[in-house]
Amino acid sequence: MMTSCPLPSTSEPAEPKREEQAKSLCLRLLTARARTRAELAGQLTKRGYPDDVSTRVLDRLAKAGLIDDADFAEQWVRSRREHAGKGKKVLAAELRTKGVAEDVIAGALADIDAGAERVRAEQLVVGKLRRETLGEDDVRVTRRLVAMLARRGYSPSMAYDVVRDALAAERERRRV
């Protein structure tokens with residue numbers, strides 16, 4: 001006499017499995033680099049996870065301290081200023097594209113005053129200026145250096161002032 005084994009139930013809810021998959025995806029993404037909540041939500045949506053699953057997973061990760069937009073913004077600003085020499089305007093735009101809220105952006109950029117921004121711009125210009133050849137007419141060099149600072153988010157007036165002062169100092173240094 002043969003007895004049959006019952007077939008596994010296919011009506012088990014798939015929600016817990018989907019949550020675990022979503023959590024696993026987020027953890028893999030966070031292993032590579034820190035990410036904002038909006039970036040992770042975008043990745044989950046892109047891969048077809050329902051909003052309710054995404055919200056629960058992201059809430060759990062935030063509660064565990066793995067997602068913190070304020071901390072992300074501070075690290076981003078520190079790193080991009082130090083390594084890429086970015087100004088406040090570009091840093092704010094980059095954080096907006098990452099989905100960071102405006103009040104968090106303002107907090108992350110609050111420590112950068114005009115003096116610190118000018119010092120960083122001067123460092124960038126001095127580094128580039130040493131490799132430039134100066135002639136009678138330095139319009140080309142001025143234009144290139146001001147454009148470099150503008151691309152990095154420094155105001156045009158500050159960029160021009162920094163370049164003008166650096167050019168004068170470099171001419172004096174080369175004269176001696």
# chains A, B, ... in the order shown; residues from 1 in each chain; ligands from 1
>>> select_by_dssp(residues="chain A", states="alpha helix (DSSP H)", output="PyMOL selection string")
chain A and resi 15-32+37-46+51-63+69-79+88-97+102-109+114-129+139-151+156-175
>>> atom_distance(atom1="atom CA of A:Ala22", atom2="atom CA of A:Val53")
7.7 Å
>>> residues_around(residues="A:Leu134", least_positions_apart="6", cutoff="10 Å", atoms="only C-alpha atoms", output="PDB file with C-alpha atoms, in the first residue's frame")
ATOM      1  CA  ARG A 140      44.589  82.049 -21.344  1.00  0.00           C
ATOM      2  CA  VAL A 141      45.990  80.843 -18.006  1.00  0.00           C
ATOM      3  CA  LEU A 167      49.228  84.782 -10.729  1.00  0.00           C
ATOM      4  CA  GLU A 170      53.736  83.238  -9.062  1.00  0.00           C
ATOM      5  CA  ARG A 171      55.156  86.013 -11.260  1.00  0.00           C
ATOM      6  CA  ARG A 174      59.577  83.290 -10.784  1.00  0.00           C
TER       7      ARG A 174
END
>>> residues_around(residues="stretch 35-42 of chain A", least_positions_apart="2", cutoff="10 Å", atoms="only C-alpha atoms", output="JSON list (two decimals) with all heavy atoms, in the first residue's frame")
[["chain", "number", "residue", "atom", "x", "y", "z"],
["A", 22, "ALA", "N", 15.52, 41.59, -0.21],
["A", 22, "ALA", "CA", 15.73, 43.04, -0.26],
["A", 22, "ALA", "C", 16.80, 43.46, 0.73],
["A", 22, "ALA", "O", 17.68, 44.28, 0.42],
["A", 22, "ALA", "CB", 14.43, 43.77, 0.01],
["A", 25, "LEU", "N", 20.19, 42.45, -0.60],
["A", 25, "LEU", "CA", 20.62, 43.37, -1.66],
["A", 25, "LEU", "C", 21.16, 44.66, -1.04],
["A", 25, "LEU", "O", 22.24, 45.14, -1.42],
["A", 25, "LEU", "CB", 19.45, 43.69, -2.60],
["A", 25, "LEU", "CG", 19.70, 44.82, -3.60],
["A", 25, "LEU", "CD1", 20.80, 44.44, -4.57],
["A", 25, "LEU", "CD2", 18.42, 45.16, -4.33],
["A", 26, "CYS", "N", 20.43, 45.22, -0.09],
["A", 26, "CYS", "CA", 20.87, 46.47, 0.55],
["A", 26, "CYS", "C", 22.21, 46.28, 1.25],
["A", 26, "CYS", "O", 23.09, 47.14, 1.16],
["A", 26, "CYS", "CB", 19.82, 46.96, 1.54],
["A", 26, "CYS", "SG", 18.35, 47.61, 0.75],
["A", 27, "LEU", "N", 22.37, 45.19, 1.94],
["A", 27, "LEU", "CA", 23.63, 44.94, 2.64],
["A", 27, "LEU", "C", 24.79, 44.79, 1.67],
["A", 27, "LEU", "O", 25.90, 45.26, 1.92],
["A", 27, "LEU", "CB", 23.51, 43.71, 3.54],
["A", 27, "LEU", "CG", 22.59, 43.88, 4.75],
["A", 27, "LEU", "CD1", 22.44, 42.56, 5.49],
["A", 27, "LEU", "CD2", 23.09, 44.98, 5.67],
["A", 29, "LEU", "N", 24.97, 46.24, -1.28],
["A", 29, "LEU", "CA", 25.24, 47.59, -1.78],
["A", 29, "LEU", "C", 26.00, 48.42, -0.75],
["A", 29, "LEU", "O", 26.90, 49.18, -1.08],
["A", 29, "LEU", "CB", 23.94, 48.28, -2.17],
["A", 29, "LEU", "CG", 23.22, 47.72, -3.39],
["A", 29, "LEU", "CD1", 21.84, 48.32, -3.54],
["A", 29, "LEU", "CD2", 24.04, 47.96, -4.65],
["A", 30, "LEU", "N", 25.63, 48.26, 0.53],
["A", 30, "LEU", "CA", 26.28, 49.01, 1.59],
["A", 30, "LEU", "C", 27.70, 48.52, 1.86],
["A", 30, "LEU", "O", 28.51, 49.25, 2.43],
["A", 30, "LEU", "CB", 25.45, 48.95, 2.87],
["A", 30, "LEU", "CG", 24.16, 49.77, 2.84],
["A", 30, "LEU", "CD1", 23.29, 49.42, 4.04],
["A", 30, "LEU", "CD2", 24.46, 51.26, 2.80],
["A", 31, "THR", "N", 27.99, 47.31, 1.47],
["A", 31, "THR", "CA", 29.34, 46.77, 1.64],
["A", 31, "THR", "C", 30.31, 47.50, 0.72],
["A", 31, "THR", "O", 31.46, 47.77, 1.09],
["A", 31, "THR", "CB", 29.37, 45.26, 1.35],
["A", 31, "THR", "OG1", 28.48, 44.62, 2.27],
["A", 31, "THR", "CG2", 30.76, 44.69, 1.52],
["A", 32, "ALA", "N", 29.86, 47.82, -0.48],
["A", 32, "ALA", "CA", 30.72, 48.50, -1.45],
["A", 32, "ALA", "C", 31.04, 49.93, -1.01],
["A", 32, "ALA", "O", 32.18, 50.37, -1.08],
["A", 32, "ALA", "CB", 30.06, 48.50, -2.82],
["A", 33, "ARG", "N", 30.02, 50.67, -0.57],
["A", 33, "ARG", "CA", 30.20, 52.05, -0.09],
["A", 33, "ARG", "C", 28.94, 52.48, 0.66],
["A", 33, "ARG", "O", 27.89, 51.87, 0.50],
["A", 33, "ARG", "CB", 30.50, 53.02, -1.22],
["A", 33, "ARG", "CG", 29.33, 53.27, -2.16],
["A", 33, "ARG", "CD", 29.63, 54.46, -3.08],
["A", 33, "ARG", "NE", 28.59, 54.68, -4.03],
["A", 33, "ARG", "CZ", 27.47, 55.38, -3.80],
["A", 33, "ARG", "NH1", 27.26, 55.93, -2.64],
["A", 33, "ARG", "NH2", 26.57, 55.53, -4.75],
["A", 44, "LEU", "N", 16.01, 49.19, -4.88],
["A", 44, "LEU", "CA", 14.97, 48.21, -4.60],
["A", 44, "LEU", "C", 13.81, 48.35, -5.58],
["A", 44, "LEU", "O", 13.28, 47.34, -6.08],
["A", 44, "LEU", "CB", 14.47, 48.35, -3.15],
["A", 44, "LEU", "CG", 15.48, 47.96, -2.08],
["A", 44, "LEU", "CD1", 14.96, 48.33, -0.69],
["A", 44, "LEU", "CD2", 15.80, 46.48, -2.15],
["A", 45, "THR", "N", 13.43, 49.56, -5.90],
["A", 45, "THR", "CA", 12.36, 49.80, -6.86],
["A", 45, "THR", "C", 12.77, 49.31, -8.25],
["A", 45, "THR", "O", 11.99, 48.68, -8.95],
["A", 45, "THR", "CB", 12.02, 51.31, -6.92],
["A", 45, "THR", "OG1", 11.60, 51.73, -5.62],
["A", 45, "THR", "CG2", 10.91, 51.58, -7.92],
["A", 46, "LYS", "N", 14.01, 49.58, -8.62],
["A", 46, "LYS", "CA", 14.53, 49.16, -9.92],
["A", 46, "LYS", "C", 14.47, 47.64, -10.08],
["A", 46, "LYS", "O", 14.25, 47.13, -11.17],
["A", 46, "LYS", "CB", 15.98, 49.65, -10.03],
["A", 46, "LYS", "CG", 16.69, 49.30, -11.30],
["A", 46, "LYS", "CD", 18.08, 49.93, -11.27],
["A", 46, "LYS", "CE", 19.04, 49.20, -12.15],
["A", 46, "LYS", "NZ", 20.39, 49.74, -12.03],
["A", 47, "ARG", "N", 14.65, 46.94, -8.97],
["A", 47, "ARG", "CA", 14.63, 45.47, -9.01],
["A", 47, "ARG", "C", 13.25, 44.89, -8.73],
["A", 47, "ARG", "O", 13.11, 43.67, -8.57],
["A", 47, "ARG", "CB", 15.66, 44.92, -8.04],
["A", 47, "ARG", "CG", 17.08, 45.15, -8.58],
["A", 47, "ARG", "CD", 18.11, 44.68, -7.59],
["A", 47, "ARG", "NE", 19.45, 44.66, -8.12],
["A", 47, "ARG", "CZ", 20.23, 45.72, -8.28],
["A", 47, "ARG", "NH1", 19.78, 46.91, -8.00],
["A", 47, "ARG", "NH2", 21.46, 45.59, -8.73],
["A", 48, "GLY", "N", 12.24, 45.74, -8.64],
["A", 48, "GLY", "CA", 10.86, 45.27, -8.57],
["A", 48, "GLY", "C", 10.32, 44.95, -7.19],
["A", 48, "GLY", "O", 9.30, 44.26, -7.07],
["A", 49, "TYR", "N", 10.97, 45.42, -6.14],
["A", 49, "TYR", "CA", 10.45, 45.17, -4.80],
["A", 49, "TYR", "C", 9.30, 46.13, -4.52],
["A", 49, "TYR", "O", 9.38, 47.31, -4.85],
["A", 49, "TYR", "CB", 11.55, 45.35, -3.74],
["A", 49, "TYR", "CG", 12.58, 44.25, -3.78],
["A", 49, "TYR", "CD1", 13.77, 44.42, -4.47],
["A", 49, "TYR", "CD2", 12.35, 43.04, -3.14],
["A", 49, "TYR", "CE1", 14.72, 43.41, -4.52],
["A", 49, "TYR", "CE2", 13.29, 42.03, -3.18],
["A", 49, "TYR", "CZ", 14.47, 42.22, -3.87],
["A", 49, "TYR", "OH", 15.39, 41.21, -3.92],
["A", 51, "ASP", "N", 6.80, 48.70, -2.59],
["A", 51, "ASP", "CA", 7.13, 49.82, -1.70],
["A", 51, "ASP", "C", 7.04, 49.44, -0.22],
["A", 51, "ASP", "O", 7.87, 49.88, 0.57],
["A", 51, "ASP", "CB", 6.22, 51.01, -1.98],
["A", 51, "ASP", "CG", 6.55, 51.67, -3.31],
["A", 51, "ASP", "OD1", 7.64, 51.43, -3.84],
["A", 51, "ASP", "OD2", 5.69, 52.43, -3.81],
["A", 54, "SER", "N", 10.13, 47.50, 0.71],
["A", 54, "SER", "CA", 11.28, 48.41, 0.73],
["A", 54, "SER", "C", 11.27, 49.27, 1.99],
["A", 54, "SER", "O", 12.30, 49.43, 2.65],
["A", 54, "SER", "CB", 11.26, 49.32, -0.49],
["A", 54, "SER", "OG", 11.40, 48.58, -1.67],
["A", 55, "THR", "N", 10.12, 49.80, 2.33],
["A", 55, "THR", "CA", 10.01, 50.66, 3.51],
["A", 55, "THR", "C", 10.37, 49.91, 4.77],
["A", 55, "THR", "O", 11.13, 50.41, 5.61],
["A", 55, "THR", "CB", 8.58, 51.24, 3.62],
["A", 55, "THR", "OG1", 8.30, 51.98, 2.42],
["A", 55, "THR", "CG2", 8.45, 52.14, 4.82],
["A", 57, "VAL", "N", 12.24, 47.18, 5.10],
["A", 57, "VAL", "CA", 13.66, 46.84, 5.10],
["A", 57, "VAL", "C", 14.51, 48.07, 5.40],
["A", 57, "VAL", "O", 15.43, 48.02, 6.24],
["A", 57, "VAL", "CB", 14.07, 46.21, 3.75],
["A", 57, "VAL", "CG1", 15.58, 46.14, 3.61],
["A", 57, "VAL", "CG2", 13.46, 44.84, 3.60],
["A", 58, "LEU", "N", 14.21, 49.18, 4.76],
["A", 58, "LEU", "CA", 15.00, 50.40, 4.97],
["A", 58, "LEU", "C", 14.83, 50.93, 6.39],
["A", 58, "LEU", "O", 15.79, 51.44, 6.98],
["A", 58, "LEU", "CB", 14.63, 51.45, 3.93],
["A", 58, "LEU", "CG", 15.00, 51.09, 2.49],
["A", 58, "LEU", "CD1", 14.47, 52.13, 1.52],
["A", 58, "LEU", "CD2", 16.50, 50.93, 2.34],
["A", 59, "ASP", "N", 13.62, 50.80, 6.95],
["A", 59, "ASP", "CA", 13.41, 51.22, 8.34],
["A", 59, "ASP", "C", 14.25, 50.37, 9.29],
["A", 59, "ASP", "O", 14.84, 50.89, 10.24],
["A", 59, "ASP", "CB", 11.93, 51.12, 8.72],
["A", 59, "ASP", "CG", 11.08, 52.22, 8.09],
["A", 59, "ASP", "OD1", 11.66, 53.21, 7.59],
["A", 59, "ASP", "OD2", 9.84, 52.07, 8.07],
["A", 61, "LEU", "N", 17.06, 48.78, 8.58],
["A", 61, "LEU", "CA", 18.48, 49.13, 8.40],
["A", 61, "LEU", "C", 18.81, 50.49, 9.04],
["A", 61, "LEU", "O", 19.88, 50.66, 9.61],
["A", 61, "LEU", "CB", 18.84, 49.13, 6.92],
["A", 61, "LEU", "CG", 18.81, 47.76, 6.23],
["A", 61, "LEU", "CD1", 19.04, 47.92, 4.73],
["A", 61, "LEU", "CD2", 19.84, 46.83, 6.83],
["A", 62, "ALA", "N", 17.87, 51.42, 8.95],
["A", 62, "ALA", "CA", 18.09, 52.73, 9.58],
["A", 62, "ALA", "C", 18.10, 52.59, 11.10],
["A", 62, "ALA", "O", 18.94, 53.21, 11.78],
["A", 62, "ALA", "CB", 17.01, 53.72, 9.15],
["A", 66, "LEU", "N", 22.65, 51.40, 9.97],
["A", 66, "LEU", "CA", 23.37, 51.15, 8.72],
["A", 66, "LEU", "C", 23.07, 52.19, 7.65],
["A", 66, "LEU", "O", 23.81, 52.33, 6.68],
["A", 66, "LEU", "CB", 23.06, 49.75, 8.20],
["A", 66, "LEU", "CG", 23.53, 48.63, 9.11],
["A", 66, "LEU", "CD1", 23.04, 47.28, 8.59],
["A", 66, "LEU", "CD2", 25.03, 48.62, 9.22],
["A", 67, "ILE", "N", 21.96, 52.91, 7.82],
["A", 67, "ILE", "CA", 21.61, 53.99, 6.90],
["A", 67, "ILE", "C", 21.46, 55.26, 7.73],
["A", 67, "ILE", "O", 20.65, 55.30, 8.64],
["A", 67, "ILE", "CB", 20.27, 53.72, 6.17],
["A", 67, "ILE", "CG1", 20.30, 52.40, 5.41],
["A", 67, "ILE", "CG2", 19.96, 54.87, 5.22],
["A", 67, "ILE", "CD1", 18.95, 52.01, 4.84],
["A", 68, "ASP", "N", 22.25, 56.25, 7.42],
["A", 68, "ASP", "CA", 22.19, 57.53, 8.12],
["A", 68, "ASP", "C", 22.56, 58.62, 7.12],
["A", 68, "ASP", "O", 23.74, 58.82, 6.83],
["A", 68, "ASP", "CB", 23.13, 57.53, 9.33],
["A", 68, "ASP", "CG", 23.04, 58.80, 10.14],
["A", 68, "ASP", "OD1", 22.31, 59.74, 9.75],
["A", 68, "ASP", "OD2", 23.73, 58.87, 11.19],
["A", 69, "ASP", "N", 21.56, 59.30, 6.59],
["A", 69, "ASP", "CA", 21.81, 60.31, 5.56],
["A", 69, "ASP", "C", 22.67, 61.46, 6.07],
["A", 69, "ASP", "O", 23.50, 62.00, 5.32],
["A", 69, "ASP", "CB", 20.50, 60.84, 5.00],
["A", 69, "ASP", "CG", 19.84, 59.87, 4.03],
["A", 69, "ASP", "OD1", 20.41, 58.79, 3.79],
["A", 69, "ASP", "OD2", 18.75, 60.19, 3.52],
["A", 70, "ALA", "N", 22.52, 61.85, 7.32],
["A", 70, "ALA", "CA", 23.31, 62.96, 7.86],
["A", 70, "ALA", "C", 24.79, 62.57, 7.93],
["A", 70, "ALA", "O", 25.66, 63.35, 7.54],
["A", 70, "ALA", "CB", 22.79, 63.36, 9.24],
["A", 71, "ASP", "N", 25.05, 61.37, 8.41],
["A", 71, "ASP", "CA", 26.43, 60.89, 8.47],
["A", 71, "ASP", "C", 27.01, 60.74, 7.07],
["A", 71, "ASP", "O", 28.15, 61.10, 6.81],
["A", 71, "ASP", "CB", 26.48, 59.55, 9.22],
["A", 71, "ASP", "CG", 27.91, 59.06, 9.42],
["A", 71, "ASP", "OD1", 28.74, 59.85, 9.89],
["A", 71, "ASP", "OD2", 28.16, 57.89, 9.08],
["A", 72, "PHE", "N", 26.20, 60.20, 6.14],
["A", 72, "PHE", "CA", 26.64, 60.07, 4.76],
["A", 72, "PHE", "C", 27.01, 61.43, 4.18],
["A", 72, "PHE", "O", 28.06, 61.58, 3.55],
["A", 72, "PHE", "CB", 25.52, 59.44, 3.91],
["A", 72, "PHE", "CG", 25.84, 59.41, 2.44],
["A", 72, "PHE", "CD1", 26.54, 58.35, 1.90],
["A", 72, "PHE", "CD2", 25.45, 60.44, 1.60],
["A", 72, "PHE", "CE1", 26.85, 58.32, 0.53],
["A", 72, "PHE", "CE2", 25.76, 60.43, 0.25],
["A", 72, "PHE", "CZ", 26.46, 59.35, -0.28],
["A", 73, "ALA", "N", 26.17, 62.44, 4.41],
["A", 73, "ALA", "CA", 26.41, 63.77, 3.85],
["A", 73, "ALA", "C", 27.70, 64.37, 4.41],
["A", 73, "ALA", "O", 28.49, 64.96, 3.66],
["A", 73, "ALA", "CB", 25.23, 64.69, 4.14],
["A", 95, "LEU", "N", 24.87, 66.05, -3.44],
["A", 95, "LEU", "CA", 24.05, 65.45, -2.38],
["A", 95, "LEU", "C", 22.58, 65.41, -2.78],
["A", 95, "LEU", "O", 21.87, 64.46, -2.45],
["A", 95, "LEU", "CB", 24.24, 66.22, -1.06],
["A", 95, "LEU", "CG", 25.60, 66.01, -0.40],
["A", 95, "LEU", "CD1", 25.77, 66.96, 0.77],
["A", 95, "LEU", "CD2", 25.78, 64.56, 0.04],
["A", 97, "THR", "N", 21.46, 64.95, -5.80],
["A", 97, "THR", "CA", 21.30, 63.82, -6.72],
["A", 97, "THR", "C", 21.32, 62.49, -5.98],
["A", 97, "THR", "O", 20.79, 61.50, -6.47],
["A", 97, "THR", "CB", 22.40, 63.78, -7.81],
["A", 97, "THR", "OG1", 23.66, 63.60, -7.20],
["A", 97, "THR", "CG2", 22.39, 65.04, -8.64],
["A", 98, "LYS", "N", 21.92, 62.46, -4.80],
["A", 98, "LYS", "CA", 21.93, 61.25, -3.98],
["A", 98, "LYS", "C", 20.67, 61.12, -3.14],
["A", 98, "LYS", "O", 20.49, 60.13, -2.43],
["A", 98, "LYS", "CB", 23.14, 61.26, -3.03],
["A", 98, "LYS", "CG", 24.46, 61.34, -3.76],
["A", 98, "LYS", "CD", 25.00, 59.99, -3.99],
["A", 98, "LYS", "CE", 26.32, 60.05, -4.72],
["A", 98, "LYS", "NZ", 26.46, 58.98, -5.65],
["A", 99, "GLY", "N", 19.78, 62.12, -3.20],
["A", 99, "GLY", "CA", 18.51, 62.04, -2.49],
["A", 99, "GLY", "C", 18.56, 62.52, -1.05],
["A", 99, "GLY", "O", 17.68, 62.19, -0.26],
["A", 100, "VAL", "N", 19.55, 63.32, -0.71],
["A", 100, "VAL", "CA", 19.67, 63.84, 0.65],
["A", 100, "VAL", "C", 18.75, 65.06, 0.79],
["A", 100, "VAL", "O", 18.68, 65.90, -0.11],
["A", 100, "VAL", "CB", 21.14, 64.21, 0.96],
["A", 100, "VAL", "CG1", 21.28, 64.80, 2.34],
["A", 100, "VAL", "CG2", 22.03, 62.99, 0.81],
["A", 101, "ALA", "N", 18.07, 65.15, 1.92],
["A", 101, "ALA", "CA", 17.14, 66.25, 2.18],
["A", 101, "ALA", "C", 17.89, 67.57, 2.32],
["A", 101, "ALA", "O", 19.05, 67.61, 2.75],
["A", 101, "ALA", "CB", 16.35, 65.96, 3.46]]
>>> closest_residue(among="A:Arg118, A:Leu145, A:Ala93, A:Gln75", to="A:Arg131", atoms="only C-alpha atoms")
A:Leu145
>>> residues_around(residues="A:Arg144", least_positions_apart="4", cutoff="12 Å", atoms="only C-alpha atoms", output="list in words")
Val125, Lys128, Leu129, Glu132, Asp138, Val139, Arg140, Met148, Leu149, Ala150, Arg151, Ala159, Tyr160 and Val163 of chain A
>>> write_last_selection(atoms="N, CA and C atoms", output="tab-separated table (two decimals), in the first residue's frame")
chain	number	residue	atom	x	y	z
A	125	VAL	N	44.59	76.24	-7.12
A	125	VAL	CA	45.19	77.10	-8.13
A	125	VAL	C	46.71	77.03	-8.06
A	128	LYS	N	47.94	73.89	-9.74
A	128	LYS	CA	47.86	73.92	-11.21
A	128	LYS	C	48.81	74.95	-11.81
A	129	LEU	N	48.98	76.06	-11.12
A	129	LEU	CA	49.75	77.17	-11.66
A	129	LEU	C	51.23	76.83	-11.81
A	132	GLU	N	51.99	75.67	-15.27
A	132	GLU	CA	51.66	76.55	-16.39
A	132	GLU	C	52.87	77.40	-16.80
A	138	ASP	N	48.58	86.72	-19.81
A	138	ASP	CA	48.16	85.52	-19.08
A	138	ASP	C	46.65	85.30	-19.11
A	139	VAL	N	45.99	85.81	-20.12
A	139	VAL	CA	44.54	85.67	-20.22
A	139	VAL	C	44.14	84.20	-20.34
A	140	ARG	N	44.90	83.47	-21.15
A	140	ARG	CA	44.59	82.05	-21.34
A	140	ARG	C	44.71	81.28	-20.02
A	148	MET	N	38.39	76.11	-14.14
A	148	MET	CA	38.60	74.93	-13.30
A	148	MET	C	37.91	75.11	-11.95
A	149	LEU	N	38.06	76.28	-11.36
A	149	LEU	CA	37.41	76.53	-10.07
A	149	LEU	C	35.88	76.58	-10.21
A	150	ALA	N	35.41	77.17	-11.29
A	150	ALA	CA	33.96	77.24	-11.51
A	150	ALA	C	33.35	75.85	-11.65
A	151	ARG	N	34.04	74.97	-12.36
A	151	ARG	CA	33.54	73.59	-12.50
A	151	ARG	C	33.48	72.88	-11.17
A	159	ALA	N	36.73	82.97	-7.56
A	159	ALA	CA	37.66	82.27	-8.43
A	159	ALA	C	38.59	83.27	-9.12
A	160	TYR	N	38.03	84.34	-9.64
A	160	TYR	CA	38.86	85.34	-10.33
A	160	TYR	C	39.83	85.99	-9.35
A	163	VAL	N	42.67	83.53	-8.53
A	163	VAL	CA	43.57	83.35	-9.67
A	163	VAL	C	44.43	84.59	-9.87
>>> residues_around(residues="A:Val77", least_positions_apart="3", cutoff="12 Å", atoms="only C-alpha atoms", output="PyMOL selection string")
chain A and resi 70-74+80-95+104-112
>>> closest_residue(among="A:Arg78, A:Arg152, A:Leu124, A:Pro50", to="A:Glu19", atoms="only C-alpha atoms")
A:Pro50
>>> atom_distance(atom1="atom CA of A:Arg175", atom2="atom CA of A:Arg130")
13.7 Å
>>> closest_residue(among="A:Ala166, A:Tyr154, A:Lys23, A:Ser79", to="A:Ala116", atoms="only C-alpha atoms")
A:Tyr154
